[in-house]
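Everything on this sheet refers to the single structure shown next.
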Amino acid sequence: MKDDLKKITTELENFEFPLWDKLPNIDLYMDQVITFLDRELTPLKVNSDDKLLTTSMINNYVKGSLLPAPSHKKYNSEHLSKLFIISSIKQILSISNIEELLNSQTKDKKELYELFTTVHKSLLNKETEKLTDALQNIQEDSDEELINSVKLYIVHLAVHAEIQKIIADKLINIINEKHTTELNEQEKLLKEEKIKNKESKKKQQKDETN
């Protein structure tokens with residue numbers, strides 16, 4: 001069992017998203033996109049037959065404005081980079097929250113992707129180091145003792161992930177509320193402007209009549 005645990009650590013240690021300049025330099029059709037991302041994301045799968053992306057998912061991302069529409073049914077580097085980001089964080093954030101984050105970014109597509117991949121690799125390295133340390137500290141001889149120790153570590157990981165997800169959701173909620181407030185203020189100003197224009201027009205008509 002320890003060999004299986006070490007295998008997980010090694011896979012994650014060696015994983016990183018492809019650099020922007022290493023993304024395909026030709027536009028891809030849907031089936032090529034799925035094949036490419038499925039191959040690149042294999043180390044992040046829990047089970048080897050997991051489907052991290054499907055045709056319907058990508059179509060829904062386009063409909064939901066997470067992705068720009070493909071050109072002549074082909075997808076470019078921007079599509080691929082956003083699909084990498086979406087595939088990674090959709091386990092934690094809702095699709096609507098991801099859409100809010102991606103569409104509110106002022107960074108260009110290359111800069112956003114490079115920032116994401118840098119952060120992802122840095123945090124992945126920290127977590128795999130913690131996992132390595134945890135495995136090294138497990139001294140139990142029997143499989144039963146080893147399994148119990150791993151279960152305790154899983155609880156630690158789950159609670160840690162839950163707390164971080166709660167914080168992320170609360171922060172996004174603050175951003176959404178601020179955005180909603182700003183929209184309401186804009187609508188209020190527009191209504192006030194319409195009323196002023198209407199009253200001004202009535203006054204002008206009245207003056208012309210007199």
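Order determines the names: the first chain of the structure tokens is A, the second B, and so forth; residues in each chain are numbered 1 upward, and ligands are numbered 1 upward as they are shown.
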*asked:* Which residues are close to Ser81 in chain A, i.e. within 12 Å by only C-alpha atoms, leaving aside same-chain residues fewer than 2 positions away? Reply as an NGL selection string.
replied: :A and (17-24 or 33 or 36-37 or 40 or 66-68 or 75-79 or 83-88 or 102 or 108-117)
Using only N, CA and C atoms, please write the residues we just selected to a file, as an mmCIF file, in the first residue's frame.
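Generated file (part-v9.cif):
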```cif
data_model
loop_
_atom_site.group_PDB
_atom_site.id
_atom_site.type_symbol
_atom_site.label_atom_id
_atom_site.label_comp_id
_atom_site.auth_asym_id
_atom_site.auth_seq_id
_atom_site.Cartn_x
_atom_site.Cartn_y
_atom_site.Cartn_z
ATOM 1 N N PHE A 17 0.713 22.080 -15.727
ATOM 2 C CA PHE A 17 -0.012 22.421 -16.946
ATOM 3 C C PHE A 17 0.991 22.839 -18.020
ATOM 4 N N PRO A 18 0.676 22.580 -19.273
ATOM 5 C CA PRO A 18 1.599 22.998 -20.345
ATOM 6 C C PRO A 18 1.741 24.513 -20.377
ATOM 7 N N LEU A 19 2.937 24.983 -20.691
ATOM 8 C CA LEU A 19 3.168 26.411 -20.836
ATOM 9 C C LEU A 19 2.338 26.947 -21.997
ATOM 10 N N TRP A 20 2.039 28.239 -21.958
ATOM 11 C CA TRP A 20 1.250 28.853 -23.034
ATOM 12 C C TRP A 20 1.874 28.581 -24.401
ATOM 13 N N ASP A 21 3.190 28.737 -24.479
ATOM 14 C CA ASP A 21 3.878 28.548 -25.765
ATOM 15 C C ASP A 21 3.912 27.087 -26.198
ATOM 16 N N LYS A 22 3.561 26.178 -25.288
ATOM 17 C CA LYS A 22 3.533 24.758 -25.626
ATOM 18 C C LYS A 22 2.130 24.269 -25.981
ATOM 19 N N LEU A 23 1.150 25.160 -25.908
ATOM 20 C CA LEU A 23 -0.193 24.785 -26.339
ATOM 21 C C LEU A 23 -0.182 24.617 -27.864
ATOM 22 N N PRO A 24 -1.049 23.784 -28.411
ATOM 23 C CA PRO A 24 -1.059 23.578 -29.863
ATOM 24 C C PRO A 24 -1.131 24.900 -30.620
ATOM 25 N N VAL A 33 -9.662 18.523 -29.048
ATOM 26 C CA VAL A 33 -9.567 19.255 -27.778
ATOM 27 C C VAL A 33 -9.706 18.300 -26.600
ATOM 28 N N PHE A 36 -6.674 15.988 -26.275
ATOM 29 C CA PHE A 36 -5.504 16.713 -25.782
ATOM 30 C C PHE A 36 -5.612 16.987 -24.282
ATOM 31 N N LEU A 37 -6.729 17.525 -23.845
ATOM 32 C CA LEU A 37 -6.874 17.854 -22.421
ATOM 33 C C LEU A 37 -6.954 16.602 -21.553
ATOM 34 N N GLU A 40 -3.397 15.449 -21.022
ATOM 35 C CA GLU A 40 -2.627 16.346 -20.166
ATOM 36 C C GLU A 40 -3.083 16.298 -18.704
ATOM 37 N N LEU A 66 -18.563 31.077 -20.403
ATOM 38 C CA LEU A 66 -17.249 30.805 -19.837
ATOM 39 C C LEU A 66 -16.197 30.767 -20.934
ATOM 40 N N LEU A 67 -16.629 30.351 -22.125
ATOM 41 C CA LEU A 67 -15.732 30.268 -23.279
ATOM 42 C C LEU A 67 -16.297 31.077 -24.429
ATOM 43 N N PRO A 68 -15.431 31.702 -25.223
ATOM 44 C CA PRO A 68 -15.920 32.346 -26.447
ATOM 45 C C PRO A 68 -16.357 31.261 -27.433
ATOM 46 N N TYR A 75 -11.166 25.340 -31.955
ATOM 47 C CA TYR A 75 -10.832 25.968 -30.680
ATOM 48 C C TYR A 75 -9.348 26.344 -30.667
ATOM 49 N N ASN A 76 -9.059 27.544 -30.152
ATOM 50 C CA ASN A 76 -7.682 28.035 -30.162
ATOM 51 C C ASN A 76 -7.048 27.994 -28.775
ATOM 52 N N SER A 77 -5.917 28.646 -28.615
ATOM 53 C CA SER A 77 -5.176 28.636 -27.348
ATOM 54 C C SER A 77 -5.982 29.225 -26.203
ATOM 55 N N GLU A 78 -6.755 30.262 -26.495
ATOM 56 C CA GLU A 78 -7.578 30.854 -25.440
ATOM 57 C C GLU A 78 -8.579 29.841 -24.908
ATOM 58 N N HIS A 79 -9.228 29.107 -25.817
ATOM 59 C CA HIS A 79 -10.177 28.079 -25.386
ATOM 60 C C HIS A 79 -9.482 27.028 -24.518
ATOM 61 N N LEU A 83 -10.115 26.133 -20.594
ATOM 62 C CA LEU A 83 -10.593 24.791 -20.260
ATOM 63 C C LEU A 83 -9.705 24.139 -19.205
ATOM 64 N N PHE A 84 -8.408 24.398 -19.257
ATOM 65 C CA PHE A 84 -7.514 23.895 -18.211
ATOM 66 C C PHE A 84 -7.904 24.493 -16.863
ATOM 67 N N ILE A 85 -8.150 25.788 -16.843
ATOM 68 C CA ILE A 85 -8.519 26.467 -15.598
ATOM 69 C C ILE A 85 -9.848 25.939 -15.069
ATOM 70 N N ILE A 86 -10.839 25.860 -15.951
ATOM 71 C CA ILE A 86 -12.161 25.388 -15.551
ATOM 72 C C ILE A 86 -12.099 23.960 -15.025
ATOM 73 N N SER A 87 -11.379 23.091 -15.728
ATOM 74 C CA SER A 87 -11.287 21.686 -15.330
ATOM 75 C C SER A 87 -10.657 21.542 -13.955
ATOM 76 N N SER A 88 -9.762 22.451 -13.625
ATOM 77 C CA SER A 88 -9.063 22.381 -12.345
ATOM 78 C C SER A 88 -9.930 22.854 -11.184
ATOM 79 N N LEU A 102 -13.642 34.502 -14.303
ATOM 80 C CA LEU A 102 -12.957 34.572 -15.597
ATOM 81 C C LEU A 102 -13.322 35.839 -16.369
ATOM 82 N N ASP A 108 -4.873 39.849 -19.781
ATOM 83 C CA ASP A 108 -5.122 39.220 -21.076
ATOM 84 C C ASP A 108 -5.050 37.704 -20.921
ATOM 85 N N LYS A 109 -5.493 36.985 -21.940
ATOM 86 C CA LYS A 109 -5.662 35.529 -21.844
ATOM 87 C C LYS A 109 -4.356 34.807 -21.514
ATOM 88 N N LYS A 110 -3.241 35.257 -22.084
ATOM 89 C CA LYS A 110 -1.956 34.616 -21.818
ATOM 90 C C LYS A 110 -1.503 34.892 -20.394
ATOM 91 N N GLU A 111 -1.621 36.130 -19.962
ATOM 92 C CA GLU A 111 -1.193 36.507 -18.610
ATOM 93 C C GLU A 111 -2.009 35.783 -17.551
ATOM 94 N N LEU A 112 -3.323 35.674 -17.784
ATOM 95 C CA LEU A 112 -4.198 34.977 -16.835
ATOM 96 C C LEU A 112 -3.814 33.509 -16.723
ATOM 97 N N TYR A 113 -3.579 32.872 -17.855
ATOM 98 C CA TYR A 113 -3.227 31.453 -17.851
ATOM 99 C C TYR A 113 -1.881 31.220 -17.167
ATOM 100 N N GLU A 114 -0.917 32.056 -17.449
ATOM 101 C CA GLU A 114 0.412 31.897 -16.837
ATOM 102 C C GLU A 114 0.358 32.129 -15.336
ATOM 103 N N LEU A 115 -0.474 33.070 -14.901
ATOM 104 C CA LEU A 115 -0.648 33.293 -13.463
ATOM 105 C C LEU A 115 -1.256 32.062 -12.811
ATOM 106 N N PHE A 116 -2.294 31.515 -13.442
ATOM 107 C CA PHE A 116 -2.958 30.329 -12.905
ATOM 108 C C PHE A 116 -1.998 29.143 -12.809
ATOM 109 N N THR A 117 -1.263 28.868 -13.878
ATOM 110 C CA THR A 117 -0.362 27.711 -13.880
ATOM 111 C C THR A 117 0.758 27.864 -12.855
#
```
Cut-off 12 Å: closest range 32-145 of chain A/range 151-162 of chain A atom pairs per residue, using only C-alpha atoms, as CSV:
```
residue,atom,partner,partner_atom,distance
A:Gln91,CA,A:Ala161,CA,10.8
A:Ile92,CA,A:Ala161,CA,8.7
A:Leu93,CA,A:Glu162,CA,11.6
A:Glu127,CA,A:Leu157,CA,9.9
A:Thr128,CA,A:Leu157,CA,11.9
A:Lys130,CA,A:Tyr153,CA,10.6
A:Leu131,CA,A:Tyr153,CA,9.0
A:Thr132,CA,A:Tyr153,CA,11.9
A:Asp133,CA,A:Tyr153,CA,11.5
A:Ala134,CA,A:Tyr153,CA,8.0
A:Leu135,CA,A:Tyr153,CA,9.6
A:Asn137,CA,A:Tyr153,CA,11.4
A:Ile138,CA,A:Tyr153,CA,10.5
A:Glu144,CA,A:Lys151,CA,10.6
A:Glu145,CA,A:Lys151,CA,9.9
```
Given the selection you just returned, output its residues as a file containing N, CA and C atoms, formatted as a compact mmCIF listing (two decimals), in the first residue's frame.
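Writing done, so here's result24.txt:
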```
# COMPACT_ATOMS: atom_id res chain seq x y z
N GLN A 91 -14.11 21.63 -9.45
CA GLN A 91 -14.38 20.73 -8.32
C GLN A 91 -14.67 21.52 -7.05
N ILE A 92 -14.23 22.79 -7.03
CA ILE A 92 -14.35 23.60 -5.82
C ILE A 92 -15.39 24.71 -5.98
N LEU A 93 -15.37 25.38 -7.13
CA LEU A 93 -16.27 26.51 -7.35
C LEU A 93 -17.39 26.14 -8.32
N GLU A 127 1.68 21.01 -1.30
CA GLU A 127 0.82 19.93 -0.81
C GLU A 127 1.49 18.56 -0.94
N THR A 128 2.21 18.34 -2.03
CA THR A 128 2.89 17.05 -2.19
C THR A 128 4.04 16.91 -1.19
N LYS A 130 3.90 18.13 1.84
CA LYS A 130 3.20 17.76 3.08
C LYS A 130 2.83 16.28 3.05
N LEU A 131 2.37 15.80 1.88
CA LEU A 131 2.00 14.39 1.76
C LEU A 131 3.22 13.50 1.96
N THR A 132 4.34 13.89 1.37
CA THR A 132 5.58 13.12 1.53
C THR A 132 5.98 13.05 2.99
N ASP A 133 5.92 14.19 3.67
CA ASP A 133 6.27 14.23 5.09
C ASP A 133 5.33 13.36 5.92
N ALA A 134 4.05 13.42 5.59
CA ALA A 134 3.07 12.62 6.33
C ALA A 134 3.33 11.13 6.14
N LEU A 135 3.66 10.72 4.94
CA LEU A 135 3.94 9.30 4.67
C LEU A 135 5.21 8.84 5.37
N ASN A 137 6.31 9.92 8.14
CA ASN A 137 6.07 9.86 9.58
C ASN A 137 5.22 8.67 9.99
N ILE A 138 4.65 7.98 9.01
CA ILE A 138 3.85 6.80 9.31
C ILE A 138 4.79 5.60 9.49
N GLU A 144 -3.52 -2.57 8.54
CA GLU A 144 -4.63 -1.98 9.27
C GLU A 144 -4.22 -0.66 9.93
N GLU A 145 -3.05 -0.66 10.55
CA GLU A 145 -2.56 0.57 11.18
C GLU A 145 -2.27 1.64 10.14
```
*DSSP says helix (DSSP H, G or I) for which residues of range 17-186 of chain A? Put them as number ranges by chain?*
A: 20-22, 30-40, 42-44, 55-63, 77-89, 95-104, 109-137, 143-186
Take the residues that were just selected and, keeping C-alpha atoms, output them as a short mmCIF file (atom, residue, chain, number, x, y, z; two decimals), in the first residue's frame.
```
data_model
loop_
_atom_site.label_atom_id
_atom_site.label_comp_id
_atom_site.auth_asym_id
_atom_site.auth_seq_id
_atom_site.Cartn_x
_atom_site.Cartn_y
_atom_site.Cartn_z
CA TRP A 20 1.25 28.85 -23.03
CA ASP A 21 3.88 28.55 -25.76
CA LYS A 22 3.53 24.76 -25.63
CA MET A 30 -13.85 19.31 -30.51
CA ASP A 31 -12.65 15.69 -30.46
CA GLN A 32 -9.02 16.85 -30.68
CA VAL A 33 -9.57 19.26 -27.78
CA ILE A 34 -10.99 16.51 -25.57
CA THR A 35 -8.18 14.09 -26.47
CA PHE A 36 -5.50 16.71 -25.78
CA LEU A 37 -6.87 17.85 -22.42
CA ASP A 38 -7.70 14.32 -21.30
CA ARG A 39 -4.09 13.29 -21.90
CA GLU A 40 -2.63 16.35 -20.17
CA THR A 42 -4.52 12.36 -16.54
CA PRO A 43 -2.49 12.80 -13.29
CA LEU A 44 -5.39 14.81 -11.80
CA THR A 55 -18.55 17.55 -25.66
CA SER A 56 -21.68 18.59 -23.76
CA MET A 57 -19.60 20.24 -21.02
CA ILE A 58 -17.69 22.36 -23.53
CA ASN A 59 -20.89 23.31 -25.36
CA ASN A 60 -22.44 24.37 -22.04
CA TYR A 61 -19.36 26.44 -21.19
CA VAL A 62 -19.78 28.29 -24.48
CA LYS A 63 -23.52 28.80 -23.85
CA SER A 77 -5.18 28.64 -27.35
CA GLU A 78 -7.58 30.85 -25.44
CA HIS A 79 -10.18 28.08 -25.39
CA LEU A 80 -7.63 25.50 -24.26
CA SER A 81 -6.17 27.69 -21.52
CA LYS A 82 -9.61 28.45 -20.08
CA LEU A 83 -10.59 24.79 -20.26
CA PHE A 84 -7.51 23.89 -18.21
CA ILE A 85 -8.52 26.47 -15.60
CA ILE A 86 -12.16 25.39 -15.55
CA SER A 87 -11.29 21.69 -15.33
CA SER A 88 -9.06 22.38 -12.34
CA ILE A 89 -11.28 24.59 -10.20
CA ILE A 95 -19.77 27.18 -12.78
CA SER A 96 -21.51 30.52 -12.21
CA ASN A 97 -18.73 31.62 -9.84
CA ILE A 98 -16.04 30.53 -12.30
CA GLU A 99 -17.80 32.53 -15.01
CA GLU A 100 -17.78 35.58 -12.71
CA LEU A 101 -14.06 35.18 -12.01
CA LEU A 102 -12.96 34.57 -15.60
CA ASN A 103 -15.05 37.34 -17.13
CA SER A 104 -14.12 39.92 -14.50
CA LYS A 109 -5.66 35.53 -21.84
CA LYS A 110 -1.96 34.62 -21.82
CA GLU A 111 -1.19 36.51 -18.61
CA LEU A 112 -4.20 34.98 -16.84
CA TYR A 113 -3.23 31.45 -17.85
CA GLU A 114 0.41 31.90 -16.84
CA LEU A 115 -0.65 33.29 -13.46
CA PHE A 116 -2.96 30.33 -12.90
CA THR A 117 -0.36 27.71 -13.88
CA THR A 118 2.29 29.33 -11.67
CA VAL A 119 0.00 29.41 -8.65
CA HIS A 120 -1.22 25.87 -9.30
CA LYS A 121 2.31 24.44 -9.54
CA SER A 122 3.48 26.29 -6.43
CA LEU A 123 0.57 25.10 -4.28
CA LEU A 124 0.73 21.59 -5.70
CA ASN A 125 4.41 21.38 -4.73
CA LYS A 126 3.60 22.50 -1.18
CA GLU A 127 0.82 19.93 -0.81
CA THR A 128 2.89 17.05 -2.19
CA GLU A 129 5.69 17.99 0.22
CA LYS A 130 3.20 17.76 3.08
CA LEU A 131 2.00 14.39 1.76
CA THR A 132 5.58 13.12 1.53
CA ASP A 133 6.27 14.23 5.09
CA ALA A 134 3.07 12.62 6.33
CA LEU A 135 3.94 9.30 4.67
CA GLN A 136 7.44 9.35 6.08
CA ASN A 137 6.07 9.86 9.58
CA ASP A 143 -1.83 -2.64 6.78
CA GLU A 144 -4.63 -1.98 9.27
CA GLU A 145 -2.56 0.57 11.18
CA LEU A 146 -1.43 2.15 7.95
CA ILE A 147 -5.02 2.45 6.69
CA ASN A 148 -6.11 4.07 9.96
CA SER A 149 -3.30 6.61 9.72
CA VAL A 150 -4.22 7.40 6.12
CA LYS A 151 -7.87 7.83 7.12
CA LEU A 152 -6.88 10.41 9.73
CA TYR A 153 -4.84 12.24 7.12
CA ILE A 154 -7.82 12.17 4.73
CA VAL A 155 -9.97 13.81 7.41
CA HIS A 156 -7.31 16.51 7.78
CA LEU A 157 -7.31 17.10 4.00
CA ALA A 158 -11.12 17.15 3.79
CA VAL A 159 -11.52 19.68 6.61
CA HIS A 160 -8.74 21.83 5.14
CA ALA A 161 -10.45 21.78 1.71
CA GLU A 162 -13.85 22.54 3.26
CA ILE A 163 -12.54 25.60 5.12
CA GLN A 164 -10.79 26.93 2.02
CA LYS A 165 -13.92 26.38 -0.09
CA ILE A 166 -16.05 28.26 2.44
CA ILE A 167 -13.61 31.17 2.42
CA ALA A 168 -13.52 31.21 -1.40
CA ASP A 169 -17.33 31.13 -1.65
CA LYS A 170 -17.69 33.93 0.92
CA LEU A 171 -15.18 36.13 -0.93
CA ILE A 172 -16.97 35.53 -4.25
CA ASN A 173 -20.27 36.36 -2.55
CA ILE A 174 -18.85 39.72 -1.43
CA ILE A 175 -17.69 40.44 -4.99
CA ASN A 176 -21.10 39.46 -6.41
CA GLU A 177 -22.93 41.64 -3.88
CA LYS A 178 -20.70 44.61 -4.73
CA HIS A 179 -21.28 44.01 -8.43
CA THR A 180 -25.04 43.82 -7.88
CA THR A 181 -24.96 47.04 -5.85
CA GLU A 182 -23.05 48.81 -8.61
CA LEU A 183 -25.56 47.62 -11.22
CA ASN A 184 -28.46 48.79 -9.06
CA GLU A 185 -26.81 52.18 -8.67
CA GLN A 186 -26.32 52.43 -12.42
#
```
*Give me, please, the distance in Å between CA of Phe15 in chain A and CA of Asp50 in chain A, quoted to one decimal.*
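Rounded to one decimal, the two atoms are 17.3 Å apart.
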*How would you write, as a list of chain:residue names, the set of residues in range 1-82 of chain A that DSSP gives as strand (DSSP E or B)?*
A:Leu28, A:Tyr29, A:Ser71, A:Lys74, A:Tyr75
Can you write out the residues you just picked, keeping N, CA and C atoms, as a compact mmCIF listing (two decimals), in the first residue's frame?
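Generated file (again.txt):
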```
# COMPACT_ATOMS: atom_id res chain seq x y z
N LEU A 28 -8.01 23.47 -32.98
CA LEU A 28 -8.42 22.07 -32.89
C LEU A 28 -9.92 21.91 -32.97
N TYR A 29 -10.34 20.78 -33.52
CA TYR A 29 -11.75 20.42 -33.49
C TYR A 29 -12.09 19.85 -32.11
N SER A 71 -14.45 29.25 -33.59
CA SER A 71 -14.46 29.79 -34.94
C SER A 71 -14.44 28.64 -35.94
N LYS A 74 -13.70 25.31 -34.52
CA LYS A 74 -12.33 25.05 -34.05
C LYS A 74 -12.02 25.90 -32.81
N TYR A 75 -11.17 25.34 -31.96
CA TYR A 75 -10.83 25.97 -30.68
C TYR A 75 -9.35 26.34 -30.67
```
*Atomic separation - CA of Ala69 in chain A relative to CA of Asp27 in chain A, Å*: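 Pair CA of Asp27 in chain A / CA of Ala69 in chain A returns 12.9 Å.
Across A:Leu189, A:Val46, A:Leu52, A:Leu41, the tightest approach to Ile8 in chain A is made by A:Val46 when counting only C-alpha atoms.
Rounded to one decimal, CA of Lys73 in chain A and CA of Ser48 in chain A lie 28.3 Å from each other.
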